[in-house]
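Enquirer: Sending over start_27.json (JSON, C-alpha atoms and all ligand atoms).
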```json
[["chain", "number", "residue", "atom", "x", "y", "z"],
["A", 1, "MET", "CA", 0.00, 0.00, 0.00],
["A", 2, "GLU", "CA", 2.95, 2.32, 0.65],
["A", 3, "ARG", "CA", 3.74, 2.07, -3.08],
["A", 4, "LEU", "CA", 1.02, 4.68, -3.62],
["A", 5, "LEU", "CA", 2.07, 8.17, -2.48],
["A", 6, "GLY", "CA", -0.30, 10.36, -0.47],
["A", 7, "ASN", "CA", -4.04, 9.59, -0.74],
["A", 8, "GLY", "CA", -4.15, 8.71, 2.97],
["A", 9, "GLU", "CA", -7.93, 8.55, 3.30],
["A", 10, "LEU", "CA", -8.34, 6.36, 0.23],
["A", 11, "LYS", "CA", -5.64, 3.97, 1.43],
["A", 12, "ALA", "CA", -7.11, 3.74, 4.93],
["A", 13, "SER", "CA", -10.56, 2.88, 3.61],
["A", 14, "LEU", "CA", -9.16, 0.26, 1.23],
["A", 15, "GLN", "CA", -7.03, -1.26, 3.98],
["A", 16, "ALA", "CA", -10.10, -1.57, 6.20],
["A", 17, "ALA", "CA", -12.04, -3.16, 3.33],
["A", 18, "PHE", "CA", -9.22, -5.64, 2.53],
["A", 19, "ALA", "CA", -8.88, -6.59, 6.20],
["A", 20, "ALA", "CA", -12.62, -7.34, 6.34],
["A", 21, "ASP", "CA", -12.33, -9.28, 3.05],
["A", 22, "ARG", "CA", -14.66, -6.80, 1.39],
["A", 23, "ILE", "CA", -13.02, -6.68, -2.03],
["A", 24, "SER", "CA", -15.30, -5.63, -4.86],
["A", 25, "HIS", "CA", -15.44, -7.24, -8.32],
["A", 26, "SER", "CA", -15.01, -3.99, -10.19],
["A", 27, "TYR", "CA", -13.20, -0.76, -9.49],
["A", 28, "LEU", "CA", -13.08, 2.47, -11.45],
["A", 29, "ILE", "CA", -9.83, 4.27, -10.71],
["A", 30, "SER", "CA", -9.77, 7.88, -11.86],
["A", 31, "GLY", "CA", -7.26, 10.71, -11.85],
["A", 32, "PRO", "CA", -5.12, 12.63, -14.35],
["A", 33, "ALA", "CA", -2.08, 11.14, -16.09],
["A", 34, "GLY", "CA", 0.69, 10.46, -13.60],
["A", 35, "SER", "CA", -1.57, 10.44, -10.54],
["A", 36, "GLY", "CA", -0.91, 6.78, -9.64],
["A", 37, "LYS", "CA", -3.77, 4.92, -11.36],
["A", 38, "HIS", "CA", -1.53, 2.04, -12.48],
["A", 39, "THR", "CA", 0.11, 1.78, -9.07],
["A", 40, "LEU", "CA", -3.27, 1.60, -7.35],
["A", 41, "ALA", "CA", -4.48, -0.97, -9.89],
["A", 42, "ARG", "CA", -1.48, -3.22, -9.06],
["A", 43, "ILE", "CA", -2.20, -2.84, -5.33],
["A", 44, "LEU", "CA", -5.83, -3.86, -5.83],
["A", 45, "ALA", "CA", -4.85, -6.79, -8.07],
["A", 46, "ALA", "CA", -2.28, -7.95, -5.51],
["A", 47, "ALA", "CA", -4.82, -7.65, -2.69],
["A", 48, "MET", "CA", -7.17, -9.87, -4.71],
["A", 49, "GLN", "CA", -4.52, -12.54, -5.36],
["A", 50, "CYS", "CA", -2.51, -12.33, -2.12],
["A", 51, "THR", "CA", -2.36, -15.55, -0.09],
["A", 52, "ALA", "CA", -1.37, -13.91, 3.22],
["A", 53, "GLY", "CA", -4.06, -14.08, 5.87],
["A", 54, "ASP", "CA", -4.08, -10.47, 6.92],
["A", 55, "ARG", "CA", -2.59, -7.16, 5.79],
["A", 56, "ARG", "CA", -3.27, -7.89, 2.15],
["A", 57, "PRO", "CA", -1.49, -7.20, -0.14],
["A", 58, "CYS", "CA", 1.52, -8.49, 1.83],
["A", 59, "GLY", "CA", 3.89, -7.70, -1.05],
["A", 60, "VAL", "CA", 6.09, -10.75, -0.36],
["A", 61, "CYS", "CA", 4.04, -13.86, -1.21],
["A", 62, "LEU", "CA", 4.50, -15.40, -4.65],
["A", 63, "GLN", "CA", 1.13, -14.09, -5.84],
["A", 64, "CYS", "CA", 1.88, -10.51, -4.78],
["A", 65, "ARG", "CA", 5.35, -10.63, -6.30],
["A", 66, "LYS", "CA", 3.99, -11.83, -9.63],
["A", 67, "VAL", "CA", 1.39, -9.06, -9.69],
["A", 68, "PHE", "CA", 3.92, -6.35, -8.85],
["A", 69, "ASP", "CA", 6.37, -7.74, -11.42],
["A", 70, "SER", "CA", 3.56, -7.66, -14.02],
["A", 71, "VAL", "CA", 3.97, -11.38, -14.76],
["A", 72, "HIS", "CA", 0.85, -12.77, -13.08],
["A", 73, "PRO", "CA", -1.01, -14.93, -15.64],
["A", 74, "ASP", "CA", -4.38, -14.01, -14.13],
["A", 75, "VAL", "CA", -3.93, -10.25, -14.37],
["A", 76, "ILE", "CA", -4.76, -9.48, -17.98],
["A", 77, "THR", "CA", -4.36, -6.08, -19.62],
["A", 78, "VAL", "CA", -7.13, -5.32, -22.07],
["A", 79, "ASP", "CA", -5.68, -2.83, -24.53],
["A", 80, "GLU", "CA", -4.22, -2.40, -27.98],
["A", 81, "PRO", "CA", -2.03, 0.65, -27.35],
["A", 82, "GLU", "CA", -1.37, 1.21, -31.06],
["A", 83, "LYS", "CA", -5.10, 1.71, -31.71],
["A", 84, "LYS", "CA", -6.99, 4.90, -31.00],
["A", 85, "THR", "CA", -9.95, 3.24, -29.31],
["A", 86, "VAL", "CA", -10.60, 0.16, -27.19],
["A", 87, "SER", "CA", -12.68, -1.90, -29.59],
["A", 88, "VAL", "CA", -15.75, -3.98, -28.94],
["A", 89, "ASP", "CA", -13.84, -7.01, -30.32],
["A", 90, "LEU", "CA", -11.23, -6.65, -27.62],
["A", 91, "ILE", "CA", -13.91, -6.57, -24.92],
["A", 92, "ARG", "CA", -15.63, -9.59, -26.47],
["A", 93, "ARG", "CA", -12.34, -11.51, -26.48],
["A", 94, "ALA", "CA", -11.92, -10.70, -22.78],
["A", 95, "ARG", "CA", -15.45, -11.91, -22.18],
["A", 96, "THR", "CA", -14.74, -15.27, -23.84],
["A", 97, "ASP", "CA", -11.48, -15.60, -21.94],
["A", 98, "LEU", "CA", -13.21, -14.80, -18.65],
["A", 99, "TYR", "CA", -15.08, -18.10, -18.75],
["A", 100, "ILE", "CA", -11.81, -20.03, -18.60],
["A", 101, "ARG", "CA", -10.99, -20.41, -14.91],
["A", 102, "PRO", "CA", -7.91, -18.68, -13.39],
["A", 103, "ASN", "CA", -4.55, -20.39, -13.88],
["A", 104, "GLU", "CA", -3.29, -20.01, -10.34],
["A", 105, "GLY", "CA", -4.84, -16.94, -8.76],
["A", 106, "ARG", "CA", -7.98, -16.65, -6.67],
["A", 107, "ARG", "CA", -9.33, -14.17, -9.19],
["A", 108, "LYS", "CA", -9.04, -13.53, -12.89],
["A", 109, "ILE", "CA", -8.51, -9.81, -13.22],
["A", 110, "TYR", "CA", -9.00, -7.68, -16.32],
["A", 111, "LEU", "CA", -7.21, -4.35, -16.31],
["A", 112, "ILE", "CA", -8.57, -1.80, -18.80],
["A", 113, "PRO", "CA", -6.04, 1.05, -18.74],
["A", 114, "ARG", "CA", -7.84, 3.29, -21.25],
["A", 115, "ALA", "CA", -11.43, 2.77, -20.13],
["A", 116, "ASN", "CA", -12.52, 6.17, -21.45],
["A", 117, "ASP", "CA", -11.35, 5.18, -24.95],
["A", 118, "MET", "CA", -14.07, 2.51, -25.16],
["A", 119, "ASN", "CA", -16.75, 3.50, -27.66],
["A", 120, "ALA", "CA", -20.43, 2.97, -26.91],
["A", 121, "SER", "CA", -20.56, -0.60, -28.26],
["A", 122, "ALA", "CA", -17.44, -1.60, -26.32],
["A", 123, "GLN", "CA", -18.93, -0.09, -23.17],
["A", 124, "ASN", "CA", -22.18, -1.96, -23.69],
["A", 125, "ALA", "CA", -20.29, -5.21, -24.20],
["A", 126, "LEU", "CA", -18.38, -4.58, -20.98],
["A", 127, "LEU", "CA", -21.58, -3.74, -19.14],
["A", 128, "LYS", "CA", -22.94, -7.19, -19.95],
["A", 129, "ILE", "CA", -19.90, -8.78, -18.29],
["A", 130, "LEU", "CA", -20.03, -6.46, -15.29],
["A", 131, "GLU", "CA", -23.65, -7.35, -14.72],
["A", 132, "GLU", "CA", -22.99, -11.06, -14.23],
["A", 133, "PRO", "CA", -19.33, -11.95, -13.86],
["A", 134, "PRO", "CA", -18.29, -15.42, -12.69],
["A", 135, "GLU", "CA", -17.42, -15.28, -8.96],
["A", 136, "TYR", "CA", -13.67, -15.19, -9.70],
["A", 137, "GLY", "CA", -13.94, -12.38, -12.31],
["A", 138, "ALA", "CA", -12.67, -8.88, -11.51],
["A", 139, "PHE", "CA", -12.30, -5.62, -13.42],
["A", 140, "LEU", "CA", -10.07, -2.63, -12.92],
["A", 141, "LEU", "CA", -11.02, 0.34, -15.10],
["A", 142, "LEU", "CA", -8.59, 3.24, -15.34],
["A", 143, "SER", "CA", -9.76, 6.61, -16.60],
["A", 144, "ASP", "CA", -8.71, 10.24, -16.64],
["A", 145, "SER", "CA", -12.23, 11.31, -17.60],
["A", 146, "PRO", "CA", -14.67, 8.90, -15.94],
["A", 147, "GLU", "CA", -17.61, 11.09, -17.00],
["A", 148, "LYS", "CA", -17.17, 9.61, -20.49],
["A", 149, "LEU", "CA", -18.26, 6.22, -19.19],
["A", 150, "LEU", "CA", -21.86, 5.09, -19.19],
["A", 151, "PRO", "CA", -23.56, 5.81, -15.84],
["A", 152, "THR", "CA", -24.56, 2.14, -15.77],
["A", 153, "ILE", "CA", -20.87, 1.13, -15.88],
["A", 154, "ARG", "CA", -19.91, 3.66, -13.21],
["A", 155, "SER", "CA", -22.68, 2.47, -10.92],
["A", 156, "ARG", "CA", -21.38, -1.12, -11.11],
["A", 157, "CYS", "CA", -17.88, -0.12, -10.00],
["A", 158, "VAL", "CA", -16.46, 1.06, -6.71],
["A", 159, "SER", "CA", -15.13, 4.49, -7.62],
["A", 160, "LEU", "CA", -11.65, 5.43, -6.40],
["A", 161, "HIS", "CA", -10.39, 8.92, -7.19],
["A", 162, "LEU", "CA", -6.72, 9.84, -6.83],
["A", 163, "SER", "CA", -5.95, 13.22, -5.27],
["A", 164, "PRO", "CA", -3.01, 15.57, -5.80],
["A", 165, "LEU", "CA", -0.20, 15.20, -3.28],
["A", 166, "ALA", "CA", 0.70, 17.65, -0.57],
["A", 167, "GLU", "CA", 4.19, 19.08, -0.90],
["A", 168, "ARG", "CA", 5.44, 16.99, 2.06],
["A", 169, "GLU", "CA", 4.15, 13.83, 0.36],
["A", 170, "CYS", "CA", 5.52, 14.55, -3.11],
["A", 171, "VAL", "CA", 8.83, 16.37, -2.66],
["A", 172, "PRO", "CA", 10.66, 13.67, -0.62],
["A", 173, "ALA", "CA", 9.83, 11.09, -3.31],
["A", 174, "LEU", "CA", 10.99, 13.47, -6.05],
["A", 175, "SER", "CA", 14.14, 14.18, -4.08],
["A", 176, "ALA", "CA", 14.91, 10.45, -3.83],
["A", 177, "ALA", "CA", 14.44, 10.03, -7.59],
["A", 178, "PHE", "CA", 16.32, 13.22, -8.52],
["A", 179, "PRO", "CA", 19.00, 13.68, -5.84],
["A", 180, "GLU", "CA", 20.87, 16.18, -8.04],
["A", 181, "LYS", "CA", 17.99, 18.69, -8.06],
["A", 182, "SER", "CA", 17.82, 21.60, -5.60],
["A", 183, "PRO", "CA", 14.96, 21.90, -3.08],
["A", 184, "ASP", "CA", 13.72, 24.91, -5.07],
["A", 185, "GLU", "CA", 13.60, 22.94, -8.34],
["A", 186, "LEU", "CA", 11.73, 20.10, -6.61],
["A", 187, "HIS", "CA", 9.25, 22.54, -5.10],
["A", 188, "ARG", "CA", 8.63, 24.22, -8.46],
["A", 189, "ALA", "CA", 8.15, 20.89, -10.24],
["A", 190, "TRP", "CA", 5.57, 19.86, -7.61],
["A", 191, "GLU", "CA", 3.81, 23.21, -8.00],
["A", 192, "ARG", "CA", 3.80, 23.24, -11.80],
["A", 193, "ALA", "CA", 2.53, 19.65, -11.89],
["A", 194, "ASP", "CA", -0.45, 20.60, -9.70],
["A", 195, "GLY", "CA", 0.71, 18.14, -7.06],
["A", 196, "TYR", "CA", 0.85, 14.98, -9.18],
["A", 197, "TYR", "CA", 4.04, 12.94, -9.01],
["A", 198, "GLY", "CA", 4.19, 11.70, -12.63],
["A", 199, "PRO", "CA", 4.07, 15.10, -14.33],
["A", 200, "ALA", "CA", 6.43, 16.56, -11.70],
["A", 201, "ALA", "CA", 8.98, 13.81, -12.40],
["A", 202, "ALA", "CA", 8.57, 14.41, -16.15],
["A", 203, "LEU", "CA", 9.33, 18.12, -15.66],
["A", 204, "LEU", "CA", 12.47, 17.28, -13.70],
["A", 205, "ARG", "CA", 13.58, 14.75, -16.32],
["A", 206, "GLU", "CA", 13.17, 17.34, -19.06],
["A", 207, "GLY", "CA", 15.29, 19.77, -17.05],
["A", 208, "GLN", "CA", 12.36, 22.18, -16.91],
["A", 209, "ALA", "CA", 13.28, 23.56, -20.31],
["A", 210, "LEU", "CA", 10.79, 26.21, -21.35],
["A", 211, "SER", "CA", 8.24, 25.20, -23.95],
["A", 212, "ALA", "CA", 8.22, 26.97, -27.32],
["A", 213, "GLN", "CA", 5.06, 28.86, -26.31],
["A", 214, "ALA", "CA", 6.65, 30.08, -23.07],
["A", 215, "ALA", "CA", 9.74, 31.32, -24.89],
["A", 216, "ARG", "CA", 7.58, 33.21, -27.43],
["A", 217, "PHE", "CA", 5.35, 34.57, -24.68],
["A", 218, "ALA", "CA", 8.45, 35.91, -22.89],
["A", 219, "ASP", "CA", 9.74, 37.51, -26.10],
["A", 220, "CYS", "CA", 6.44, 39.24, -26.90],
["A", 221, "PHE", "CA", 5.67, 40.34, -23.35],
["A", 222, "ALA", "CA", 9.19, 41.69, -22.78],
["A", 223, "ALA", "CA", 9.10, 43.56, -26.11],
["A", 224, "ARG", "CA", 5.50, 44.78, -25.60],
["A", 225, "SER", "CA", 4.69, 43.32, -29.00],
["A", 226, "ARG", "CA", 0.93, 43.40, -29.35],
["A", 227, "SER", "CA", 0.97, 41.79, -32.80],
["A", 228, "GLY", "CA", 3.33, 39.04, -31.63],
["A", 229, "MET", "CA", 1.14, 38.29, -28.60],
["A", 230, "THR", "CA", -2.02, 38.22, -30.75],
["A", 231, "ALA", "CA", -0.43, 35.81, -33.23],
["A", 232, "LEU", "CA", 0.73, 33.56, -30.39],
["A", 233, "LEU", "CA", -2.71, 33.47, -28.73],
["A", 234, "VAL", "CA", -4.59, 32.98, -32.01],
["A", 235, "GLY", "CA", -2.35, 29.97, -32.64],
["A", 236, "MET", "CA", -3.42, 28.54, -29.28],
["A", 237, "GLU", "CA", -7.17, 28.74, -29.87],
["A", 238, "ARG", "CA", -7.35, 25.16, -31.10],
["A", 239, "LEU", "CA", -5.52, 23.62, -28.17],
["A", 240, "LYS", "CA", -7.21, 21.14, -25.88],
["A", 241, "ARG", "CA", -8.36, 22.49, -22.54],
["A", 242, "ASP", "CA", -5.68, 20.70, -20.48],
["A", 243, "GLN", "CA", -2.94, 21.74, -22.92],
["A", 244, "LEU", "CA", -4.01, 25.38, -22.50],
["A", 245, "ILE", "CA", -4.03, 25.07, -18.71],
["A", 246, "GLN", "CA", -0.55, 23.55, -18.77],
["A", 247, "ILE", "CA", 0.79, 26.41, -20.91],
["A", 248, "LEU", "CA", -0.89, 29.10, -18.79],
["A", 249, "ASN", "CA", 0.59, 27.56, -15.64],
["A", 250, "GLU", "CA", 4.02, 27.59, -17.25],
["A", 251, "TRP", "CA", 3.63, 31.30, -18.12],
["A", 252, "ILE", "CA", 2.53, 32.08, -14.56],
["A", 253, "GLU", "CA", 5.60, 30.28, -13.24],
["A", 254, "LEU", "CA", 7.81, 32.20, -15.69],
["A", 255, "LEU", "CA", 6.34, 35.54, -14.56],
["A", 256, "ALA", "CA", 6.77, 34.57, -10.90],
["A", 257, "ASP", "CA", 10.40, 33.84, -11.74],
["A", 258, "ALA", "CA", 10.70, 37.29, -13.39],
["A", 259, "ILE", "CA", 9.29, 38.91, -10.24],
["A", 260, "ARG", "CA", 11.98, 37.12, -8.21],
["A", 261, "VAL", "CA", 14.56, 38.58, -10.62],
["A", 262, "ARG", "CA", 13.19, 42.08, -9.95],
["A", 263, "THR", "CA", 13.67, 41.55, -6.23],
["A", 264, "GLY", "CA", 17.34, 40.74, -6.83],
["A", 265, "LEU", "CA", 17.24, 36.94, -6.88],
["A", 266, "PRO", "CA", 18.79, 34.96, -9.74],
["A", 267, "GLY", "CA", 16.35, 33.87, -12.48],
["A", 268, "SER", "CA", 16.26, 30.25, -13.57],
["A", 269, "SER", "CA", 16.11, 31.04, -17.30],
["A", 270, "GLY", "CA", 17.32, 33.74, -19.67],
["A", 271, "GLU", "CA", 13.68, 34.55, -20.47],
["A", 272, "ALA", "CA", 12.87, 35.20, -16.82],
["A", 273, "VAL", "CA", 15.85, 37.53, -16.50],
["A", 274, "ARG", "CA", 14.85, 39.44, -19.65],
["A", 275, "LEU", "CA", 11.23, 39.76, -18.47],
["A", 276, "GLY", "CA", 12.39, 40.91, -15.06],
["A", 277, "HIS", "CA", 14.47, 43.65, -16.61],
["A", 278, "SER", "CA", 11.89, 44.89, -19.07],
["A", 279, "ARG", "CA", 8.69, 44.98, -17.00],
["A", 280, "THR", "CA", 7.71, 46.46, -13.63],
["A", 281, "VAL", "CA", 6.57, 44.28, -10.72],
["A", 282, "ALA", "CA", 3.06, 45.75, -11.08],
["A", 283, "GLU", "CA", 2.95, 44.77, -14.77],
["A", 284, "LEU", "CA", 4.23, 41.28, -14.06],
["A", 285, "LEU", "CA", 1.73, 40.82, -11.22],
["A", 286, "GLY", "CA", -1.11, 42.10, -13.41],
["A", 287, "ALA", "CA", -0.26, 39.52, -16.07],
["A", 288, "VAL", "CA", -0.07, 36.78, -13.41],
["A", 289, "ARG", "CA", -3.58, 37.70, -12.25],
["A", 290, "ASN", "CA", -4.94, 37.66, -15.81],
["A", 291, "LEU", "CA", -3.37, 34.27, -16.50],
["A", 292, "GLN", "CA", -4.61, 32.79, -13.21],
["A", 293, "GLN", "CA", -8.10, 33.95, -14.04],
["A", 294, "ALA", "CA", -7.80, 32.45, -17.53],
["A", 295, "ALA", "CA", -6.59, 29.14, -16.08],
["A", 296, "GLU", "CA", -9.57, 29.09, -13.71],
["A", 297, "LEU", "CA", -11.97, 29.75, -16.61],
["A", 298, "ALA", "CA", -10.29, 26.98, -18.61],
["A", 299, "LYS", "CA", -11.14, 24.53, -15.83],
["A", 300, "GLY", "CA", -14.80, 25.48, -16.21],
["A", 301, "ASN", "CA", -16.99, 25.64, -19.28],
["A", 302, "VAL", "CA", -15.55, 28.68, -21.05],
["A", 303, "SER", "CA", -14.17, 27.72, -24.47],
["A", 304, "VAL", "CA", -10.44, 27.78, -25.18],
["A", 305, "GLY", "CA", -11.05, 30.22, -28.07],
["A", 306, "THR", "CA", -12.89, 32.69, -25.81],
["A", 307, "ILE", "CA", -10.15, 32.54, -23.19],
["A", 308, "CYS", "CA", -7.39, 33.13, -25.75],
["A", 309, "GLY", "CA", -9.42, 36.00, -27.23],
["A", 310, "ALA", "CA", -9.84, 37.67, -23.83],
["A", 311, "LEU", "CA", -6.12, 37.33, -23.09],
["A", 312, "GLN", "CA", -5.29, 39.21, -26.32],
["A", 313, "GLY", "CA", -6.87, 42.31, -24.80],
["A", 314, "GLN", "CA", -5.28, 41.78, -21.39],
["A", 315, "LEU", "CA", -1.65, 40.88, -22.06],
["A", 316, "MET", "CA", 0.04, 44.00, -23.44],
["B", 401, "ZN", "ZN", 0.74, -11.36, -0.72]]
```
Would you mind writing the file out in structure tokens?
Expert:
Amino acid sequence: MERLLGNGELKASLQAAFAADRISHSYLISGPAGSGKHTLARILAAAMQCTAGDRRPCGVCLQCRKVFDSVHPDVITVDEPEKKTVSVDLIRRARTDLYIRPNEGRRKIYLIPRANDMNASAQNALLKILEEPPEYGAFLLLSDSPEKLLPTIRSRCVSLHLSPLAERECVPALSAAFPEKSPDELHRAWERADGYYGPAAALLREGQALSAQAARFADCFAARSRSGMTALLVGMERLKRDQLIQILNEWIELLADAIRVRTGLPGSSGEAVRLGHSRTVAELLGAVRNLQQAAELAKGNVSVGTICGALQGQLM
């Protein structure tokens, strides 16, 4: 259970359920990319197969070890990663396979890592299995947008949602994985990744290089180029919502860095230094506020195009 960072409440309730042998047949694990969905799925699968009497999953019995090493014959991944969707054929094949008893485990577990990429017919095929599985059958559905699943599927699963990590939960793990990074870099990666370990680790691996959009934003904002800023924002109108949010967060971080430069601290990129020398603190703060507001709107129902349009009038 300690393999999953943070999520204390979720872990405590699962531990209590495992101890009481209340393990459901189907779970829907949700959270953004890098939030620990696969880790939690392995923990659940191990708890189902574990042969230890108490404190399941024990992590040391043969069944647990096979699950955690991804070699358990009765934990089956249902996916064709090279295809865009999870097809109805794939679900039907799983259904046929389900009626062959487990090889060695107590359960036969089907892991569907891209559950939200099932189209309607695949979801309906899955629903039929979820309605009447054999007693040893189990399903672990992973999704970053569970609202795309049929309500009838969701209602048949125990829903487990992964939360962002507190700084004290995330930073020590990042520090162990990236011992060469400074406490400030670790803190910023945690912050920019909205508290999720996977994206924070990815930022640290990439050396926190600025994205192309951030570099252009810095150029235009430092030079007060209205036409440059308009062109940049028009080019962003077709982005997906989460891509926009990621870029806005990066710009906010860049501006915060520029403000630190203005107060005499070293900047972590050439762009931050240039911004800090060409704009006042009030101007930088004003832009931060506009971008924060835009990021908030992007989390709601306002369209990406509308947000980019509004920013054209605000960022000058
Ligand atoms: Zn075990």
Enquirer: Write as JSON, numbers by chain the residues around ligand ZN 401 (chain B), taking 7 Å as the cut-off and counting only C-alpha atoms and all ligand atoms.
Expert: {"A": [46, 47, 50, 51, 52, 56, 57, 58, 59, 60, 61, 62, 63, 64]}
Enquirer: What's the 8 Å shell around stretch 237-253 of chain A, counting all atoms listed in the file, without same-chain residues fewer than 2 positions away, as a PyMOL selection string?
Expert: chain A and resi 192+213-214+217+233-235+255-257+288+291-292+294-295+298-299+304-305+308
Enquirer: Is there a way to get, as a list in words, all residues within 10 Å of the point (-6.7, 0.6, -26.9) in file coordinates, counting all atoms listed in the file?
Expert: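 Residues lying no farther than 10 Å from the given point: Val78, Asp79, Glu80, Pro81, Glu82, Lys83, Lys84, Thr85, Val86, Ser87, Leu90, Ile112, Pro113, Arg114, Ala115, Asn116, Asp117 and Met118 of chain A.
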Enquirer: Excluding stretch 146-158 of chain A and any residue of its chain fewer than 4 positions from it, enumerate the residues within 7 Å of it, using all atoms listed in the file, and give them as a PyMOL selection string.
Expert: chain A and resi 26-28+30+116+127+130
Enquirer: Please report the interatomic distance between atom CA of A:Arg262 and atom CA of A:Val281 in Å with one decimal.
Expert: 7.0 Å
Enquirer: Since the input is missing atoms for stretch 132-152 of chain A, could you rebuild it with N, CA and C atoms and give the result as a PDB file, keeping the file's coordinate frame?
Expert:
```pdb
ATOM      1  N   GLU A 132     -22.990  -9.702 -14.762  1.00  0.00           N
ATOM      2  CA  GLU A 132     -22.990 -11.060 -14.230  1.00  0.00           C
ATOM      3  C   GLU A 132     -21.635 -11.739 -14.407  1.00  0.00           C
ATOM      4  N   PRO A 133     -20.629 -11.281 -13.699  1.00  0.00           N
ATOM      5  CA  PRO A 133     -19.330 -11.950 -13.860  1.00  0.00           C
ATOM      6  C   PRO A 133     -19.311 -13.268 -13.098  1.00  0.00           C
ATOM      7  N   PRO A 134     -18.483 -14.235 -13.532  1.00  0.00           N
ATOM      8  CA  PRO A 134     -18.290 -15.420 -12.690  1.00  0.00           C
ATOM      9  C   PRO A 134     -17.677 -14.980 -11.357  1.00  0.00           C
ATOM     10  N   GLU A 135     -17.832 -15.783 -10.283  1.00  0.00           N
ATOM     11  CA  GLU A 135     -17.420 -15.280  -8.960  1.00  0.00           C
ATOM     12  C   GLU A 135     -15.938 -14.916  -8.892  1.00  0.00           C
ATOM     13  N   TYR A 136     -15.101 -15.506  -9.751  1.00  0.00           N
ATOM     14  CA  TYR A 136     -13.670 -15.190  -9.700  1.00  0.00           C
ATOM     15  C   TYR A 136     -13.299 -13.999 -10.594  1.00  0.00           C
ATOM     16  N   GLY A 137     -14.249 -13.465 -11.362  1.00  0.00           N
ATOM     17  CA  GLY A 137     -13.940 -12.380 -12.310  1.00  0.00           C
ATOM     18  C   GLY A 137     -13.795 -11.032 -11.624  1.00  0.00           C
ATOM     19  N   ALA A 138     -12.840 -10.218 -12.078  1.00  0.00           N
ATOM     20  CA  ALA A 138     -12.670  -8.880 -11.510  1.00  0.00           C
ATOM     21  C   ALA A 138     -12.221  -7.908 -12.595  1.00  0.00           C
ATOM     22  N   PHE A 139     -12.596  -6.639 -12.416  1.00  0.00           N
ATOM     23  CA  PHE A 139     -12.300  -5.620 -13.420  1.00  0.00           C
ATOM     24  C   PHE A 139     -11.748  -4.370 -12.775  1.00  0.00           C
ATOM     25  N   LEU A 140     -10.662  -3.879 -13.381  1.00  0.00           N
ATOM     26  CA  LEU A 140     -10.070  -2.630 -12.920  1.00  0.00           C
ATOM     27  C   LEU A 140     -10.072  -1.669 -14.100  1.00  0.00           C
ATOM     28  N   LEU A 141     -10.908  -0.649 -14.016  1.00  0.00           N
ATOM     29  CA  LEU A 141     -11.020   0.340 -15.100  1.00  0.00           C
ATOM     30  C   LEU A 141     -10.242   1.585 -14.709  1.00  0.00           C
ATOM     31  N   LEU A 142      -9.369   2.031 -15.598  1.00  0.00           N
ATOM     32  CA  LEU A 142      -8.590   3.240 -15.340  1.00  0.00           C
ATOM     33  C   LEU A 142      -9.070   4.347 -16.277  1.00  0.00           C
ATOM     34  N   SER A 143      -9.227   5.551 -15.744  1.00  0.00           N
ATOM     35  CA  SER A 143      -9.760   6.610 -16.600  1.00  0.00           C
ATOM     36  C   SER A 143      -9.318   7.984 -16.103  1.00  0.00           C
ATOM     37  N   ASP A 144      -8.962   8.860 -17.056  1.00  0.00           N
ATOM     38  CA  ASP A 144      -8.710  10.240 -16.640  1.00  0.00           C
ATOM     39  C   ASP A 144      -9.939  11.106 -16.858  1.00  0.00           C
ATOM     40  N   SER A 145     -10.960  10.568 -17.497  1.00  0.00           N
ATOM     41  CA  SER A 145     -12.230  11.310 -17.600  1.00  0.00           C
ATOM     42  C   SER A 145     -13.393  10.342 -17.455  1.00  0.00           C
ATOM     43  N   PRO A 146     -13.660   9.932 -16.199  1.00  0.00           N
ATOM     44  CA  PRO A 146     -14.670   8.900 -15.940  1.00  0.00           C
ATOM     45  C   PRO A 146     -16.072   9.319 -16.380  1.00  0.00           C
ATOM     46  N   GLU A 147     -16.281  10.643 -16.571  1.00  0.00           N
ATOM     47  CA  GLU A 147     -17.610  11.090 -17.000  1.00  0.00           C
ATOM     48  C   GLU A 147     -17.940  10.600 -18.402  1.00  0.00           C
ATOM     49  N   LYS A 148     -16.917  10.133 -19.145  1.00  0.00           N
ATOM     50  CA  LYS A 148     -17.170   9.610 -20.490  1.00  0.00           C
ATOM     51  C   LYS A 148     -17.744   8.194 -20.463  1.00  0.00           C
ATOM     52  N   LEU A 149     -17.733   7.576 -19.292  1.00  0.00           N
ATOM     53  CA  LEU A 149     -18.260   6.220 -19.190  1.00  0.00           C
ATOM     54  C   LEU A 149     -19.757   6.226 -18.943  1.00  0.00           C
ATOM     55  N   LEU A 150     -20.424   5.190 -19.413  1.00  0.00           N
ATOM     56  CA  LEU A 150     -21.860   5.090 -19.190  1.00  0.00           C
ATOM     57  C   LEU A 150     -22.151   5.091 -17.688  1.00  0.00           C
ATOM     58  N   PRO A 151     -23.199   5.810 -17.275  1.00  0.00           N
ATOM     59  CA  PRO A 151     -23.560   5.810 -15.840  1.00  0.00           C
ATOM     60  C   PRO A 151     -23.794   4.391 -15.323  1.00  0.00           C
ATOM     61  N   THR A 152     -24.292   3.520 -16.196  1.00  0.00           N
ATOM     62  CA  THR A 152     -24.560   2.140 -15.770  1.00  0.00           C
ATOM     63  C   THR A 152     -23.253   1.391 -15.472  1.00  0.00           C
TER      64      THR A 152
END
```
